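> Structure: final_25.pdb, PDB, C-alpha atoms.
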ATOM      1  CA  MET V   8     135.518  43.177 -65.967
ATOM      2  CA  ALA V   9     133.215  41.421 -68.410
ATOM      3  CA  GLY V  10     130.945  43.600 -70.507
ATOM      4  CA  ALA V  11     127.206  43.578 -70.018
ATOM      5  CA  ALA V  12     125.266  40.893 -71.869
ATOM      6  CA  PRO V  13     123.570  42.152 -75.047
ATOM      7  CA  ARG V  14     120.003  43.325 -74.440
ATOM      8  CA  TRP V  15     117.284  41.251 -76.113
ATOM      9  CA  ALA V  16     114.884  43.484 -78.033
ATOM     10  CA  THR V  17     111.374  43.633 -76.583
ATOM     11  CA  TYR V  18     107.929  43.836 -78.099
ATOM     12  CA  ALA V  19     107.786  47.447 -76.937
ATOM     13  CA  ASP V  20     110.823  48.129 -79.126
ATOM     14  CA  LEU V  21     109.008  46.573 -82.062
ATOM     15  CA  GLU V  22     105.829  48.590 -81.454
ATOM     16  CA  ALA V  23     107.854  51.815 -81.423
ATOM     17  CA  VAL V  24     109.027  51.291 -85.007
ATOM     18  CA  PRO V  25     107.246  53.591 -87.518
ATOM     19  CA  ASP V  26     104.526  52.002 -89.646
ATOM     20  CA  SER V  27     106.573  52.813 -92.742
ATOM     21  CA  LEU V  28     108.964  49.978 -91.796
ATOM     22  CA  VAL V  29     108.543  46.230 -91.282
ATOM     23  CA  ALA V  30     109.921  45.240 -87.866
ATOM     24  CA  GLU V  31     110.955  41.818 -86.588
ATOM     25  CA  ILE V  32     112.839  40.408 -83.607
ATOM     26  CA  VAL V  33     115.333  37.824 -84.858
ATOM     27  CA  ASP V  34     117.745  36.211 -82.400
ATOM     28  CA  GLY V  35     117.062  39.047 -79.981
ATOM     29  CA  VAL V  36     117.913  41.788 -82.473
ATOM     30  CA  LEU V  37     115.343  44.315 -83.680
ATOM     31  CA  GLU V  38     115.479  44.121 -87.482
ATOM     32  CA  THR V  39     113.764  46.731 -89.640
ATOM     33  CA  HIS V  40     113.489  47.137 -93.380
ATOM     34  CA  PRO V  41     111.422  49.225 -95.796
ATOM     35  CA  ARG V  42     107.981  48.234 -96.973
ATOM     36  CA  PRO V  43     108.077  46.123-100.155
ATOM     37  CA  ARG V  44     108.703  47.705-103.535
ATOM     38  CA  PRO V  45     105.942  47.493-106.182
ATOM     39  CA  LEU V  46     107.469  44.477-107.994
ATOM     40  CA  HIS V  47     107.654  42.645-104.648
ATOM     41  CA  SER V  48     104.061  43.564-103.724
ATOM     42  CA  ILE V  49     102.680  42.513-107.104
ATOM     43  CA  ALA V  50     104.395  39.115-106.898
ATOM     44  CA  SER V  51     103.037  38.590-103.389
ATOM     45  CA  ALA V  52      99.473  39.498-104.374
ATOM     46  CA  ARG V  53      99.563  37.305-107.482
ATOM     47  CA  LEU V  54     100.992  34.300-105.647
ATOM     48  CA  SER V  55      98.329  34.672-102.971
ATOM     49  CA  GLY V  56      95.673  34.707-105.685
ATOM     50  CA  GLU V  57      97.095  31.635-107.420
ATOM     51  CA  LEU V  58      96.963  29.626-104.190
ATOM     52  CA  ASP V  59      93.756  30.977-102.643
ATOM     53  CA  ARG V  60      91.210  29.613-105.114
ATOM     54  CA  PRO V  61      92.380  25.980-105.321
ATOM     55  CA  PHE V  62      93.828  25.517-101.849
ATOM     56  CA  SER V  63      91.763  27.800 -99.628
ATOM     57  CA  ARG V  64      88.367  27.898-101.350
ATOM     58  CA  GLY V  65      88.643  24.528-103.063
ATOM     59  CA  ARG V  66      87.939  25.828-106.569
ATOM     60  CA  GLY V  67      89.942  23.690-108.969
ATOM     61  CA  GLY V  68      91.936  22.197-106.106
ATOM     62  CA  PRO V  69      91.696  20.266-102.853
ATOM     63  CA  GLY V  70      91.110  23.157-100.436
ATOM     64  CA  GLY V  71      92.030  22.635 -96.800
ATOM     65  CA  TRP V  72      94.358  25.626 -96.310
ATOM     66  CA  ILE V  73      94.222  29.147 -94.932
ATOM     67  CA  PHE V  74      96.631  31.846 -96.126
ATOM     68  CA  MET V  75      97.742  35.154 -94.648
ATOM     69  CA  ILE V  76      99.745  38.016 -96.136
ATOM     70  CA  GLU V  77     102.508  39.361 -93.875
ATOM     71  CA  PRO V  78     101.255  37.689 -90.659
ATOM     72  CA  GLU V  79     103.096  38.489 -87.450
ATOM     73  CA  LEU V  80     104.387  35.152 -86.161
ATOM     74  CA  HIS V  81     105.508  34.658 -82.573
ATOM     75  CA  LEU V  82     107.812  31.642 -82.717
ATOM     76  CA  GLY V  83     109.297  31.223 -79.269
ATOM     77  CA  PRO V  84     111.350  34.361 -78.576
ATOM     78  CA  HIS V  85     111.303  35.443 -82.222
ATOM     79  CA  VAL V  86     108.818  37.755 -83.942
ATOM     80  CA  VAL V  87     108.970  37.305 -87.716
ATOM     81  CA  VAL V  88     106.833  38.557 -90.587
ATOM     82  CA  PRO V  89     106.953  36.339 -93.686
ATOM     83  CA  ASP V  90     105.552  37.699 -96.929
ATOM     84  CA  LEU V  91     103.043  34.851 -97.155
ATOM     85  CA  ALA V  92     102.201  31.950 -94.876
ATOM     86  CA  GLY V  93      99.784  29.034 -95.047
ATOM     87  CA  TRP V  94      98.331  26.629 -92.499
ATOM     88  CA  ARG V  95      96.475  23.384 -93.015
ATOM     89  CA  LEU V  96      93.011  23.894 -91.537
ATOM     90  CA  GLU V  97      93.399  21.058 -89.064
ATOM     91  CA  ARG V  98      96.335  22.936 -87.490
ATOM     92  CA  LEU V  99      94.615  26.336 -87.412
ATOM     93  CA  PRO V 100      90.892  25.561 -87.217
ATOM     94  CA  VAL V 101      90.096  28.857 -85.438
ATOM     95  CA  ILE V 102      91.358  32.249 -86.608
ATOM     96  CA  PRO V 103      93.285  33.887 -83.730
ATOM     97  CA  LYS V 104      91.703  37.032 -82.307
ATOM     98  CA  THR V 105      95.136  38.422 -81.480
ATOM     99  CA  ALA V 106      97.197  40.554 -83.860
ATOM    100  CA  PHE V 107      99.722  37.727 -84.081
ATOM    101  CA  VAL V 108      99.808  33.972 -84.630
ATOM    102  CA  GLU V 109     101.683  31.565 -82.369
ATOM    103  CA  THR V 110     101.015  28.380 -84.378
ATOM    104  CA  SER V 111     103.883  27.835 -86.790
ATOM    105  CA  PRO V 112     102.770  27.690 -90.443
ATOM    106  CA  ASP V 113     102.962  24.626 -92.651
ATOM    107  CA  TRP V 114     104.304  26.734 -95.525
ATOM    108  CA  VAL V 115     106.069  30.076 -95.781
ATOM    109  CA  CYS V 116     107.076  32.144 -98.787
ATOM    110  CA  GLU V 117     109.666  34.885 -98.531
ATOM    111  CA  ILE V 118     109.942  37.279-101.460
ATOM    112  CA  LEU V 119     113.558  38.323-101.701
ATOM    113  CA  SER V 120     114.676  41.930-101.939
ATOM    114  CA  PRO V 121     118.035  43.649-101.361
ATOM    115  CA  SER V 122     116.991  44.655 -97.836
ATOM    116  CA  THR V 123     115.726  41.209 -96.759
ATOM    117  CA  THR V 124     117.781  38.522 -98.532
ATOM    118  CA  ARG V 125     120.330  38.276 -95.701
ATOM    119  CA  LEU V 126     117.594  37.520 -93.157
ATOM    120  CA  ASP V 127     115.435  35.384 -95.448
ATOM    121  CA  ARG V 128     118.264  33.074 -96.502
ATOM    122  CA  GLY V 129     119.952  33.126 -93.092
ATOM    123  CA  PRO V 130     118.421  33.473 -89.620
ATOM    124  CA  LYS V 131     114.761  33.361 -90.640
ATOM    125  CA  ARG V 132     115.233  30.182 -92.674
ATOM    126  CA  ARG V 133     116.901  28.595 -89.633
ATOM    127  CA  ILE V 134     114.068  29.740 -87.344
ATOM    128  CA  TYR V 135     111.422  28.294 -89.653
ATOM    129  CA  ALA V 136     113.229  24.950 -89.519
ATOM    130  CA  GLU V 137     113.537  25.077 -85.720
ATOM    131  CA  PHE V 138     109.791  25.583 -85.380
ATOM    132  CA  GLY V 139     108.782  22.875 -87.823
ATOM    133  CA  VAL V 140     107.592  24.836 -90.850
ATOM    134  CA  GLY V 141     107.242  22.034 -93.396
ATOM    135  CA  HIS V 142     107.823  23.923 -96.631
ATOM    136  CA  LEU V 143     109.633  27.126 -97.582
ATOM    137  CA  TRP V 144     109.515  28.968-100.897
ATOM    138  CA  LEU V 145     111.989  31.716-101.760
ATOM    139  CA  LEU V 146     110.825  33.905-104.634
ATOM    140  CA  ASP V 147     113.216  36.322-106.327
ATOM    141  CA  PRO V 148     111.058  38.586-108.529
ATOM    142  CA  ALA V 149     114.004  40.635-109.801
ATOM    143  CA  ASN V 150     115.627  37.548-111.362
ATOM    144  CA  GLY V 151     112.441  35.554-111.961
ATOM    145  CA  VAL V 152     113.436  32.522-109.874
ATOM    146  CA  LEU V 153     111.464  30.444-107.346
ATOM    147  CA  GLU V 154     113.106  27.879-105.043
ATOM    148  CA  GLY V 155     111.055  25.304-103.147
ATOM    149  CA  PHE V 156     112.354  23.570-100.006
ATOM    150  CA  ALA V 157     110.996  20.830 -97.733
ATOM    151  CA  LEU V 158     112.051  20.316 -94.128
ATOM    152  CA  VAL V 159     113.689  16.914 -93.729
ATOM    153  CA  GLY V 160     114.668  16.352 -90.131
ATOM    154  CA  ASP V 161     116.190  19.672 -89.156
ATOM    155  CA  ARG V 162     117.514  20.599 -92.602
ATOM    156  CA  TRP V 163     116.066  22.139 -95.729
ATOM    157  CA  LEU V 164     116.061  19.967 -98.841
ATOM    158  CA  LEU V 165     115.863  21.850-102.157
ATOM    159  CA  LEU V 166     113.033  20.218-104.096
ATOM    160  CA  GLY V 167     113.268  22.318-107.216
ATOM    161  CA  THR V 168     114.067  25.633-108.826
ATOM    162  CA  VAL V 169     111.700  27.255-111.331
ATOM    163  CA  GLU V 170     112.826  30.012-113.680
ATOM    164  CA  ARG V 171     110.940  32.340-116.004
ATOM    165  CA  GLY V 172     109.014  30.383-118.617
ATOM    166  CA  GLY V 173     108.637  27.404-116.277
ATOM    167  CA  GLU V 174     105.664  25.826-114.547
ATOM    168  CA  VAL V 175     105.380  25.901-110.749
ATOM    169  CA  VAL V 176     104.761  22.318-109.609
ATOM    170  CA  LEU V 177     106.233  22.418-106.121
ATOM    171  CA  PRO V 178     105.043  20.809-102.878
ATOM    172  CA  PRO V 179     102.880  21.346-101.005
ATOM    173  CA  PHE V 180     100.873  22.924-103.860
ATOM    174  CA  GLU V 181     101.732  20.678-106.811
ATOM    175  CA  ALA V 182      98.036  19.786-107.265
ATOM    176  CA  ALA V 183      97.360  23.088-109.058
ATOM    177  CA  PRO V 184     100.354  24.095-111.224
ATOM    178  CA  PHE V 185     100.635  27.604-112.661
ATOM    179  CA  PRO V 186     103.143  29.475-114.853
ATOM    180  CA  LEU V 187     105.811  31.286-112.861
ATOM    181  CA  ASP V 188     105.561  34.224-115.277
ATOM    182  CA  ASP V 189     102.007  34.858-114.028
ATOM    183  CA  LEU V 190     103.520  36.248-110.825
ATOM    184  CA  PHE V 191     105.304  39.066-112.628
ATOM    185  CA  PRO V 192     103.800  42.107-114.356
ATOM    186  CA  ILE V 193     104.254  42.531-118.075
ATOM    187  CA  GLU V 194     106.754  45.315-118.614
ATOM    188  CA  ALA V 195     105.042  48.295-120.226
ATOM    189  CA  SER V 196     106.378  49.288-123.620
ATOM    190  CA  PRO V 197     108.108  52.662-123.644
ATOM    191  CA  PRO V 198     105.984  55.503-125.054
ATOM    192  CA  ASP V 199     106.532  56.462-128.664
ATOM    193  CA  ASP V 200     109.149  59.155-129.191
ATOM    194  CA  PRO V 201     107.271  62.186-130.571
ATOM    195  CA  ALA V 202     110.485  63.323-132.291
ATOM    196  CA  ALA V 203     110.881  60.053-134.186
ATOM    197  CA  PRO V 204     110.001  60.140-137.884
ATOM    198  CA  PRO V 205     106.728  58.417-138.866
ATOM    199  CA  PRO V 206     107.007  54.910-140.308
ATOM    200  CA  ALA V 207     107.601  54.792-144.021
ATOM    201  CA  GLU V 208     104.562  54.112-146.158
ATOM    202  CA  THR V 209     104.547  50.857-148.091
TER     203      THR V 209
END
Show me the file's structure as structure tokens.

Amino acid sequence: MAGAAPRWATYADLEAVPDSLVAEIVDGVLETHPRPRPLHSIASARLSGELDRPFSRGRGGPGGWIFMIEPELHLGPHVVVPDLAGWRLERLPVIPKTAFVETSPDWVCEILSPSTTRLDRGPKRRIYAEFGVGHLWLLDPANGVLEGFALVGDRWLLLGTVERGGEVVLPPFEAAPFPLDDLFPIEASPPDDPAAPPPAET
């Protein structure tokens, strides 16, 4: 006797997840992971700020975009929550009144962490391609690396990789470059050791 078909997670399952976790439905499976760590959150906030002025408000850039932090996207049967997403205004001229967005973004950025890398590099990247997201950025704040991809046909083409010390000039936002290091906090210097001897006088 054949076993029962796997049950596809429902939106009610997602709503039952505690607010302390991020919940998604990917390929029918309810996926949960912890809220972002501080390094992750800082990188997300700083990247949003870098893009908002030139590409949303048109200050020092072309404008024409709208950005959202952690939007809930309903892409067919999937419910996914990217760290950042952007739409060209002509594709999202009216802000949805719902708590979710059904129009696929033109750009998505996932900020990698140990609890999300499997999904971000695997099923979610495939879903974004299936639903026509034009550009995907993968930012690894722990290692200081940003990868930029463009959708060509049904496959992702790596356009470039930026490492610490480099300039971010990646589509679709190459019109307003910025230093990658600006996305990461400056590490605080350790406090002075009170037991250490004072510096020698010269």
> Rounded to one decimal place, report the CA of His40 (chain V)-CA of Leu28 (chain V) distance in Å.
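Between CA of His40 (chain V) and CA of Leu28 (chain V) the gap works out to 5.6 Å.
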> Which one of V:Pro130, V:Pro100, V:Pro89, V:Gly71 sits closest to Val36 (chain V) if you count all atoms listed in the file?
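Answer, going by the shortest atom-to-atom distance: V:Pro130.
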> From the set V:Pro25, V:Pro121, V:Gly141, V:Pro112, which residue has the shortest atom-to-atom contact distance to Ile73 (chain V), counting all atoms listed in the file?
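Selected residue with least distance to Ile73 (chain V): V:Pro112.
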> Could you name the residues that touch Ala30 (chain V) at 12 Å or less, counting only C-alpha atoms, but leaving out those on the same chain fewer than 6 positions away, as a list in words?
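Result of the neighbour search: Ala16, Thr17, Tyr18, Ala19, Asp20, Leu21, Glu22, Ala23, Val24, Val36, Leu37, Glu38, Thr39, His40, Pro41, Arg42, Glu77, Pro78, Glu79, Leu80, His85, Val86, Val87, Val88, Pro89 and Thr123 of chain V.
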> Here's the selection I'm unsure about, the PyMOL selection byres ((chain V and resi 132-140) around 8); applied to the file above, which residues does it give, as a list in words?
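The output of the PyMOL selection byres ((chain V and resi 132-140) around 8) on this file is Leu82, Ser111, Pro112, Asp113, Trp114, Val115, Leu126, Asp127, Arg128, Gly129, Pro130, Lys131, Gly141, His142, Leu143, Leu158, Asp161, Arg162 and Trp163 of chain V.
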> Which one is closest to Gly83 (chain V): V:Leu177, V:Leu145, V:Leu166, V:Ile32? Count all atoms listed in the file.
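With all atoms listed in the file as the atom set, the closest residue is V:Ile32.
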> If you measure from CA of Ser122 (chain V) to CA of Gly160 (chain V), what distance in Å do you get, rounded to one decimal?
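Rounded to one decimal, the two atoms are 29.4 Å apart.
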